[in-house]
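Here the structure is laid out as structure tokens; the discussion comes afterwards.
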Amino acid sequence: MMNFKWNTAIPATTVRTCSLKKEQSLWRNEFSDEWEHPFLVIDSEVIRLWNNLLQPLILSASGLYVMESREVLKNTFTLSQIWDSMSAAGIHRDTPVTVIGGGLVCDIGAMAASTYLRGLRLMLVPTTLLCMVDACLGGKTGVNLAGAKNQVGTFNPAGKILVAPDFLDTLPAREFRGGIAEIIKTALIGDRSIKGLLERIDIEKPDKNDILEIVHKCLEVKGGIVTRDLRETGTRMLLNLGHTIGHALESVSDFQLSHGEAVGLGLLGEAAIAVSLGGNSKLPGEIRSMLEQAGLPTCLSDTVSGEKLALLFERDKKTRRDGRIWALPFDWCDCRLERLTPDQEEKALPFALNLLGA
């Protein structure tokens, strides 16, 4: 018998904040040394809105792939197109990849970086609130397959994350609200003080210092969990709070619900399931109030059957042979992983659907 122990050490992730108003120092300081001449993957809307700022970076890049941030494009075909662009650009193992966009673009761009030439150095520049507070950190990459969310992916933490809240100046209000759902999720999991910060946010004109404080607190909670469980074999599954129901609702709506909207509904539905198992009965009402304050939906506009959701749950990555692992909020900072058998799930799901008006 032979036994080999592999060195699987992952480089650390550095998170930096910057101002886009200081354009010259931005490119000089953040894209120097090992980050020079990156291959770029950029959201097409970000290029349209921030073209003047991005031009120096684009002109110095090793290559460029521009994509629309549309859920129907988060697939293996788009991933293949990015690989083809990387190949045509002739990039090497020491060429860094920089992805500039929201969660969808960062997911697929990071996956391309993790797989082309078996892995390239990665920088993420999140341009949406949702991506800044959640998706940019932790190394999850992915594409959808056959209508189900993130069925193919890797774990590939970025070496560097650059947070520039100025990007939020041009973010549509619906996208900003979607990010708040992920903030509520993080507050439920590990830091109730975030709730107080949210209550003072002016959604129409948020203060950048408040945003940076929320980003810091959210990344602190998520980073604390992910550093202990990068590959999601245990406690990292808590970060899927709201996502078991949320991903299913996204799919069943043909992605007419945004990710943030679906996660918000998922938080509400999963809190109802937790109540049925002994959780705090007041928590669903508190979550509903926060969602309403953010202008997020709190009920479904169309009827959804439990049977249809159950079929989509089968493709959830927390599904095991003997049941499905749910991240459920029993109270603030008391989220638990509960393995529900099909029979238990069948009894619990109506509580969620009733609360969501399905």
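Each chain in the structure tokens gets a letter, A, B, ..., in the order shown, and its residues are numbered from 1; ligands are numbered from 1 in order too.
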Taking 3 positions as the minimum chain separation for residues in the same chain, which residues sit within 9 Å of Ile203 in chain A when counting only C-alpha atoms? Answer as a list in words. Ala173, Phe176, Arg177, Pro206 and Ala294 of chain A
Next, write the just-selected residues to a file, as an mmCIF file, in the first residue's frame, keeping all heavy atoms as the atom set.
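Output saved as selection23.cif:
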```cif
data_model
loop_
_atom_site.group_PDB
_atom_site.id
_atom_site.type_symbol
_atom_site.label_atom_id
_atom_site.label_comp_id
_atom_site.auth_asym_id
_atom_site.auth_seq_id
_atom_site.Cartn_x
_atom_site.Cartn_y
_atom_site.Cartn_z
ATOM 1 N N ALA A 173 -31.642 50.263 -7.716
ATOM 2 C CA ALA A 173 -32.215 50.114 -6.375
ATOM 3 C C ALA A 173 -32.596 48.667 -6.081
ATOM 4 O O ALA A 173 -32.417 48.183 -4.957
ATOM 5 C CB ALA A 173 -33.445 51.019 -6.246
ATOM 6 N N PHE A 176 -29.541 46.828 -5.043
ATOM 7 C CA PHE A 176 -29.114 47.233 -3.696
ATOM 8 C C PHE A 176 -29.961 46.526 -2.643
ATOM 9 O O PHE A 176 -29.434 45.987 -1.665
ATOM 10 C CB PHE A 176 -29.219 48.749 -3.546
ATOM 11 C CG PHE A 176 -28.639 49.268 -2.257
ATOM 12 C CD1 PHE A 176 -27.305 49.605 -2.170
ATOM 13 C CD2 PHE A 176 -29.434 49.397 -1.121
ATOM 14 C CE1 PHE A 176 -26.751 50.073 -0.979
ATOM 15 C CE2 PHE A 176 -28.904 49.860 0.069
ATOM 16 C CZ PHE A 176 -27.559 50.198 0.138
ATOM 17 N N ARG A 177 -31.281 46.511 -2.858
ATOM 18 C CA ARG A 177 -32.171 45.841 -1.894
ATOM 19 C C ARG A 177 -31.838 44.355 -1.785
ATOM 20 O O ARG A 177 -31.892 43.775 -0.706
ATOM 21 C CB ARG A 177 -33.627 46.037 -2.317
ATOM 22 C CG ARG A 177 -34.128 47.473 -2.151
ATOM 23 C CD ARG A 177 -35.643 47.545 -2.262
ATOM 24 N NE ARG A 177 -36.111 47.168 -3.586
ATOM 25 C CZ ARG A 177 -36.329 48.018 -4.572
ATOM 26 N NH1 ARG A 177 -36.089 49.307 -4.390
ATOM 27 N NH2 ARG A 177 -36.763 47.608 -5.744
ATOM 28 N N PRO A 206 -27.448 55.790 0.595
ATOM 29 C CA PRO A 206 -26.723 55.221 1.739
ATOM 30 C C PRO A 206 -25.385 55.924 1.978
ATOM 31 O O PRO A 206 -24.702 56.324 1.041
ATOM 32 C CB PRO A 206 -26.508 53.755 1.328
ATOM 33 C CG PRO A 206 -26.563 53.767 -0.164
ATOM 34 C CD PRO A 206 -27.533 54.846 -0.528
ATOM 35 N N ALA A 294 -36.713 47.062 3.860
ATOM 36 C CA ALA A 294 -35.772 47.134 2.740
ATOM 37 C C ALA A 294 -36.482 47.161 1.390
ATOM 38 O O ALA A 294 -35.821 47.303 0.350
ATOM 39 C CB ALA A 294 -34.815 45.953 2.795
#
```
Compile the contact shell of Lys282 in chain A as a ChimeraX atom specification: residues with an atom at most 12 Å away, counting only C-alpha atoms, same-chain residues fewer than 2 positions apart removed. /A:268,271-272,274-275,278-280,284-289,329-332
How would the residues just picked look written out with all heavy atoms as a compact mmCIF listing (two decimals), in the first residue's frame?
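To be explicit, this is the file written out as again_39.txt:
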```txt
# COMPACT_ATOMS: atom_id res chain seq x y z
N LEU A 268 -37.41 33.80 5.43
CA LEU A 268 -38.72 33.81 6.07
C LEU A 268 -39.28 32.39 6.16
O LEU A 268 -39.75 31.96 7.23
CB LEU A 268 -39.65 34.71 5.25
CG LEU A 268 -40.86 35.34 5.91
CD1 LEU A 268 -40.49 36.03 7.22
CD2 LEU A 268 -41.51 36.33 4.94
N ALA A 271 -37.29 30.25 8.63
CA ALA A 271 -37.59 30.62 10.01
C ALA A 271 -38.89 29.98 10.46
O ALA A 271 -39.02 29.56 11.62
CB ALA A 271 -37.68 32.14 10.14
N ALA A 272 -39.86 29.86 9.54
CA ALA A 272 -41.13 29.21 9.88
C ALA A 272 -40.91 27.73 10.17
O ALA A 272 -41.52 27.17 11.10
CB ALA A 272 -42.12 29.38 8.72
N ALA A 274 -38.14 26.48 11.35
CA ALA A 274 -37.47 26.43 12.65
C ALA A 274 -38.48 26.57 13.79
O ALA A 274 -38.36 25.89 14.82
CB ALA A 274 -36.41 27.53 12.73
N VAL A 275 -39.48 27.42 13.62
CA VAL A 275 -40.52 27.58 14.64
C VAL A 275 -41.24 26.25 14.86
O VAL A 275 -41.53 25.85 16.00
CB VAL A 275 -41.52 28.69 14.25
CG1 VAL A 275 -42.73 28.68 15.19
CG2 VAL A 275 -40.84 30.05 14.30
N GLY A 278 -39.40 24.20 17.25
CA GLY A 278 -39.13 24.73 18.58
C GLY A 278 -38.40 26.05 18.60
O GLY A 278 -37.99 26.52 19.68
N GLY A 279 -38.22 26.68 17.46
CA GLY A 279 -37.50 27.95 17.39
C GLY A 279 -38.33 29.12 17.91
O GLY A 279 -39.52 28.99 18.20
N ASN A 280 -37.70 30.29 17.99
CA ASN A 280 -38.35 31.51 18.48
C ASN A 280 -39.51 31.90 17.57
O ASN A 280 -39.31 32.23 16.40
CB ASN A 280 -37.30 32.63 18.53
CG ASN A 280 -37.87 33.96 19.00
OD1 ASN A 280 -39.05 34.09 19.31
ND2 ASN A 280 -37.01 34.98 19.04
N PRO A 284 -39.83 34.98 12.77
CA PRO A 284 -40.34 35.26 11.41
C PRO A 284 -40.90 36.67 11.27
O PRO A 284 -40.70 37.31 10.23
CB PRO A 284 -41.43 34.19 11.23
CG PRO A 284 -41.00 33.07 12.12
CD PRO A 284 -40.39 33.73 13.32
N GLY A 285 -41.58 37.16 12.31
CA GLY A 285 -42.11 38.52 12.25
C GLY A 285 -41.01 39.56 12.18
O GLY A 285 -41.13 40.57 11.47
N GLU A 286 -39.92 39.34 12.92
CA GLU A 286 -38.80 40.28 12.88
C GLU A 286 -38.15 40.28 11.49
O GLU A 286 -37.78 41.34 10.97
CB GLU A 286 -37.76 39.90 13.94
CG GLU A 286 -38.22 40.13 15.36
CD GLU A 286 -37.12 39.84 16.37
OE1 GLU A 286 -36.11 40.57 16.37
OE2 GLU A 286 -37.27 38.88 17.15
N ILE A 287 -38.01 39.09 10.92
CA ILE A 287 -37.42 39.00 9.58
C ILE A 287 -38.31 39.68 8.55
O ILE A 287 -37.85 40.44 7.70
CB ILE A 287 -37.17 37.52 9.19
CG1 ILE A 287 -36.11 36.90 10.11
CG2 ILE A 287 -36.74 37.41 7.73
CD1 ILE A 287 -35.94 35.41 9.95
N ARG A 288 -39.62 39.42 8.66
CA ARG A 288 -40.56 40.06 7.74
C ARG A 288 -40.48 41.58 7.82
O ARG A 288 -40.46 42.28 6.80
CB ARG A 288 -42.00 39.61 8.05
CG ARG A 288 -43.05 40.20 7.10
CD ARG A 288 -44.45 39.87 7.55
NE ARG A 288 -44.74 38.46 7.46
CZ ARG A 288 -45.14 37.85 6.35
NH1 ARG A 288 -45.28 38.54 5.22
NH2 ARG A 288 -45.40 36.56 6.35
N SER A 289 -40.39 42.10 9.02
CA SER A 289 -40.30 43.55 9.20
C SER A 289 -39.04 44.11 8.55
O SER A 289 -39.09 45.17 7.89
CB SER A 289 -40.31 43.87 10.70
OG SER A 289 -40.13 45.25 10.92
N PRO A 329 -32.81 29.06 11.22
CA PRO A 329 -32.61 30.08 12.27
C PRO A 329 -33.57 29.88 13.44
O PRO A 329 -34.75 30.21 13.35
CB PRO A 329 -32.92 31.38 11.51
CG PRO A 329 -33.97 30.98 10.51
CD PRO A 329 -33.70 29.54 10.15
N PHE A 330 -33.06 29.34 14.54
CA PHE A 330 -33.90 29.15 15.72
C PHE A 330 -34.03 30.45 16.50
O PHE A 330 -35.00 30.66 17.23
CB PHE A 330 -33.33 28.03 16.59
CG PHE A 330 -33.66 26.66 16.07
CD1 PHE A 330 -33.04 26.16 14.93
CD2 PHE A 330 -34.60 25.87 16.71
CE1 PHE A 330 -33.35 24.90 14.44
CE2 PHE A 330 -34.92 24.61 16.23
CZ PHE A 330 -34.30 24.12 15.08
N ASP A 331 -33.04 31.32 16.38
CA ASP A 331 -33.08 32.63 17.02
C ASP A 331 -31.89 33.42 16.47
O ASP A 331 -31.09 32.92 15.69
CB ASP A 331 -32.98 32.51 18.55
CG ASP A 331 -33.65 33.67 19.27
OD1 ASP A 331 -33.84 34.75 18.64
OD2 ASP A 331 -34.00 33.52 20.46
N TRP A 332 -31.75 34.68 16.90
CA TRP A 332 -30.59 35.47 16.51
C TRP A 332 -29.32 34.76 17.00
O TRP A 332 -29.22 34.37 18.17
CB TRP A 332 -30.67 36.86 17.11
CG TRP A 332 -31.73 37.71 16.49
CD1 TRP A 332 -32.99 37.93 16.96
CD2 TRP A 332 -31.62 38.43 15.26
NE1 TRP A 332 -33.68 38.76 16.10
CE2 TRP A 332 -32.86 39.08 15.04
CE3 TRP A 332 -30.59 38.59 14.33
CZ2 TRP A 332 -33.10 39.88 13.94
CZ3 TRP A 332 -30.84 39.39 13.22
CH2 TRP A 332 -32.07 40.02 13.02
```
Counting only C-alpha atoms, the residue of A:Ala146, A:Leu188, A:Ser114, A:Gly138 that sits nearest Gly224 in chain A: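 Under the stated criterion, the closest residue is A:Gly138.
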Could you pull out the residues in range 51-238 of chain A that DSSP calls helix (DSSP H, G or I) from the backbone, as a ChimeraX atom specification? /A:51-59,71-73,76-89,103-118,129-135,165-170,173-190,193-199,208-226,235-238
Neighbouring residues of Phe155 in chain A were defined as those with any atom within 7 Å, considering only C-alpha atoms; residues of the same chain fewer than 2 positions away were excluded. Please report them as a compact mmCIF listing (two decimals) with C-alpha atoms, in the first residue's frame.
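Full text of part_28.txt as output:
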```txt
# COMPACT_ATOMS: atom_id res chain seq x y z
CA GLY A 139 -13.86 30.90 -2.66
CA LYS A 140 -17.08 29.40 -3.98
CA THR A 141 -17.27 29.47 -7.77
CA PRO A 157 -10.50 31.81 -2.69
CA ARG A 231 -14.82 23.11 1.66
```
Can you tell me which residues surround Met111 in chain A at a distance of at most 9 Å, considering only C-alpha atoms, apart from same-chain residues fewer than 2 positions away, and format the answer as a compact mmCIF listing (two decimals) with C-alpha atoms, in the first residue's frame?
```txt
# COMPACT_ATOMS: atom_id res chain seq x y z
CA LEU A 79 -17.40 29.39 -19.07
CA CYS A 106 -17.52 36.88 -9.97
CA ASP A 107 -18.80 33.29 -9.62
CA ILE A 108 -18.15 32.37 -13.24
CA GLY A 109 -15.01 34.48 -13.66
CA ALA A 113 -9.54 31.34 -13.08
CA SER A 114 -9.59 28.22 -10.91
CA THR A 115 -9.70 25.82 -13.86
CA TYR A 116 -7.73 27.40 -16.73
CA LYS A 140 -17.08 29.40 -3.98
CA THR A 141 -17.27 29.47 -7.77
CA GLY A 142 -19.96 28.03 -9.97
CA VAL A 143 -22.25 27.80 -12.96
CA GLY A 153 -18.14 24.66 -9.27
CA THR A 154 -14.90 24.76 -7.32
CA PHE A 155 -13.48 26.24 -4.13
CA ASN A 156 -11.00 28.93 -5.16
```
Calculated over only C-alpha atoms, which of the candidates A:Lys74, A:Arg321, A:Lys160, A:Arg339 has the smallest distance to Met237 in chain A?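 Smallest separation from Met237 in chain A among the options: A:Arg339.
Using only C-alpha atoms for every distance, the candidate list A:Gly179, A:Pro342, A:Cys333, A:His247 yields A:Cys333 as the residue closest to Arg192 in chain A.
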Exercise: Gly234 in chain A partners within 10 Å, only C-alpha atoms, chain neighbours under 5 positions left out, as a ChimeraX atom specification: /A:225,228-229,337
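Note that the spacing between CA of Leu265 in chain A and CA of Leu249 in chain A amounts to 8.4 Å.
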Close residues, Trp35 in chain A itself excluded, 8 Å, only C-alpha atoms, min 4 positions apart in chain, as a count of residues only: 3
Shortest contact to Asp191 in chain A, candidates A:Met67, A:Ile214, A:Leu120, A:Val221, atoms counted only C-alpha atoms, goes to A:Val221
Asn240 in chain A: which residues within 9 Å, counting only C-alpha atoms, same-chain residues fewer than 3 positions away excluded, as a CSV table (one decimal) with C-alpha atoms, in the first residue's frame?
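Writing the result to out.csv gives the following:
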```
chain,number,residue,atom,x,y,z
A,185,LYS,CA,-28.8,36.5,6.7
A,236,ARG,CA,-19.9,26.5,6.6
A,237,MET,CA,-23.3,25.0,5.6
A,243,HIS,CA,-30.7,29.4,0.2
A,244,THR,CA,-32.4,26.0,0.3
A,326,TRP,CA,-31.1,22.5,6.4
A,327,ALA,CA,-29.6,25.6,7.9
```
Take CA of Gly159 in chain A and CA of Leu122 in chain A and report the distance between them in Å, one decimal.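 A separation of 5.6 Å between them.
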I need the strand (DSSP E) residues of range 24-246 of chain A per DSSP on the backbone, written as a compact mmCIF listing (two decimals) with N, CA and C atoms, in the first residue's frame.
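Resulting contents of out.txt:
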```
# COMPACT_ATOMS: atom_id res chain seq x y z
N PHE A 39 -5.61 39.31 -16.80
CA PHE A 39 -6.71 38.99 -17.71
C PHE A 39 -7.97 39.44 -17.00
N LEU A 40 -8.82 40.20 -17.70
CA LEU A 40 -10.00 40.80 -17.08
C LEU A 40 -11.28 40.10 -17.50
N VAL A 41 -12.15 39.86 -16.55
CA VAL A 41 -13.54 39.47 -16.80
C VAL A 41 -14.40 40.56 -16.18
N ILE A 42 -15.19 41.26 -17.00
CA ILE A 42 -15.90 42.45 -16.51
C ILE A 42 -17.38 42.41 -16.95
N ASP A 43 -18.23 42.81 -16.05
CA ASP A 43 -19.66 42.99 -16.32
C ASP A 43 -19.82 44.11 -17.37
N GLY A 63 -5.67 40.47 -21.46
CA GLY A 63 -6.82 40.04 -22.25
C GLY A 63 -8.10 40.49 -21.56
N LEU A 64 -9.22 40.37 -22.25
CA LEU A 64 -10.48 40.90 -21.73
C LEU A 64 -11.65 40.05 -22.20
N TYR A 65 -12.54 39.71 -21.26
CA TYR A 65 -13.82 39.09 -21.60
C TYR A 65 -14.91 39.90 -20.93
N VAL A 66 -15.86 40.37 -21.72
CA VAL A 66 -16.97 41.18 -21.22
C VAL A 66 -18.25 40.35 -21.31
N MET A 67 -19.03 40.30 -20.21
CA MET A 67 -20.26 39.51 -20.23
C MET A 67 -21.39 40.26 -19.54
N VAL A 97 -5.79 36.94 -12.82
CA VAL A 97 -7.13 37.19 -13.35
C VAL A 97 -7.83 38.15 -12.40
N THR A 98 -8.41 39.21 -12.95
CA THR A 98 -9.20 40.15 -12.15
C THR A 98 -10.63 40.14 -12.68
N VAL A 99 -11.58 39.90 -11.78
CA VAL A 99 -13.00 39.87 -12.15
C VAL A 99 -13.68 41.07 -11.51
N ILE A 100 -14.37 41.86 -12.33
CA ILE A 100 -15.03 43.08 -11.87
C ILE A 100 -16.52 42.97 -12.18
N GLY A 101 -17.32 42.85 -11.14
CA GLY A 101 -18.76 42.70 -11.35
C GLY A 101 -19.45 42.25 -10.08
N LEU A 122 -6.05 35.11 -8.45
CA LEU A 122 -7.36 35.75 -8.65
C LEU A 122 -7.55 36.96 -7.75
N MET A 123 -8.02 38.05 -8.38
CA MET A 123 -8.50 39.23 -7.64
C MET A 123 -9.96 39.46 -8.01
N LEU A 124 -10.77 39.77 -7.00
CA LEU A 124 -12.17 40.10 -7.23
C LEU A 124 -12.43 41.56 -6.85
N VAL A 125 -13.16 42.25 -7.73
CA VAL A 125 -13.58 43.63 -7.46
C VAL A 125 -15.11 43.64 -7.50
N PRO A 126 -15.76 43.42 -6.35
CA PRO A 126 -17.22 43.36 -6.34
C PRO A 126 -17.84 44.74 -6.59
N VAL A 143 -21.32 27.54 -11.86
CA VAL A 143 -22.25 27.80 -12.96
C VAL A 143 -23.48 26.93 -12.75
N ASN A 144 -24.57 27.35 -13.37
CA ASN A 144 -25.82 26.59 -13.28
C ASN A 144 -25.81 25.45 -14.30
N LEU A 145 -26.64 24.46 -14.03
CA LEU A 145 -26.74 23.32 -14.95
C LEU A 145 -28.17 22.82 -14.95
N ALA A 148 -30.74 24.37 -12.59
CA ALA A 148 -30.49 24.35 -11.14
C ALA A 148 -29.25 25.18 -10.82
N LYS A 149 -29.29 25.85 -9.67
CA LYS A 149 -28.25 26.81 -9.31
C LYS A 149 -26.94 26.13 -8.92
N ASN A 150 -25.85 26.65 -9.50
CA ASN A 150 -24.49 26.34 -9.03
C ASN A 150 -24.22 24.84 -8.87
N GLN A 151 -24.62 24.07 -9.87
CA GLN A 151 -24.43 22.62 -9.80
C GLN A 151 -22.98 22.21 -10.10
N VAL A 152 -22.24 23.07 -10.80
CA VAL A 152 -20.85 22.78 -11.12
C VAL A 152 -20.00 23.92 -10.58
N LYS A 160 -6.91 38.40 -3.49
CA LYS A 160 -7.14 39.80 -3.13
C LYS A 160 -8.57 40.20 -3.50
N ILE A 161 -9.20 40.95 -2.61
CA ILE A 161 -10.54 41.50 -2.86
C ILE A 161 -10.44 43.01 -2.67
N LEU A 162 -10.92 43.73 -3.65
CA LEU A 162 -10.86 45.19 -3.63
C LEU A 162 -12.29 45.73 -3.54
N VAL A 163 -12.64 46.32 -2.40
CA VAL A 163 -13.99 46.83 -2.17
C VAL A 163 -14.00 48.34 -2.38
```
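Taking CA of Gln81 in chain A and CA of Ala110 in chain A as endpoints, the distance between them is 13.8 Å.
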Of the candidates A:Phe167, A:Arg121, A:Thr128, A:Ala88, which one gets nearest to Lys21 in chain A if we count only C-alpha atoms? A:Phe167
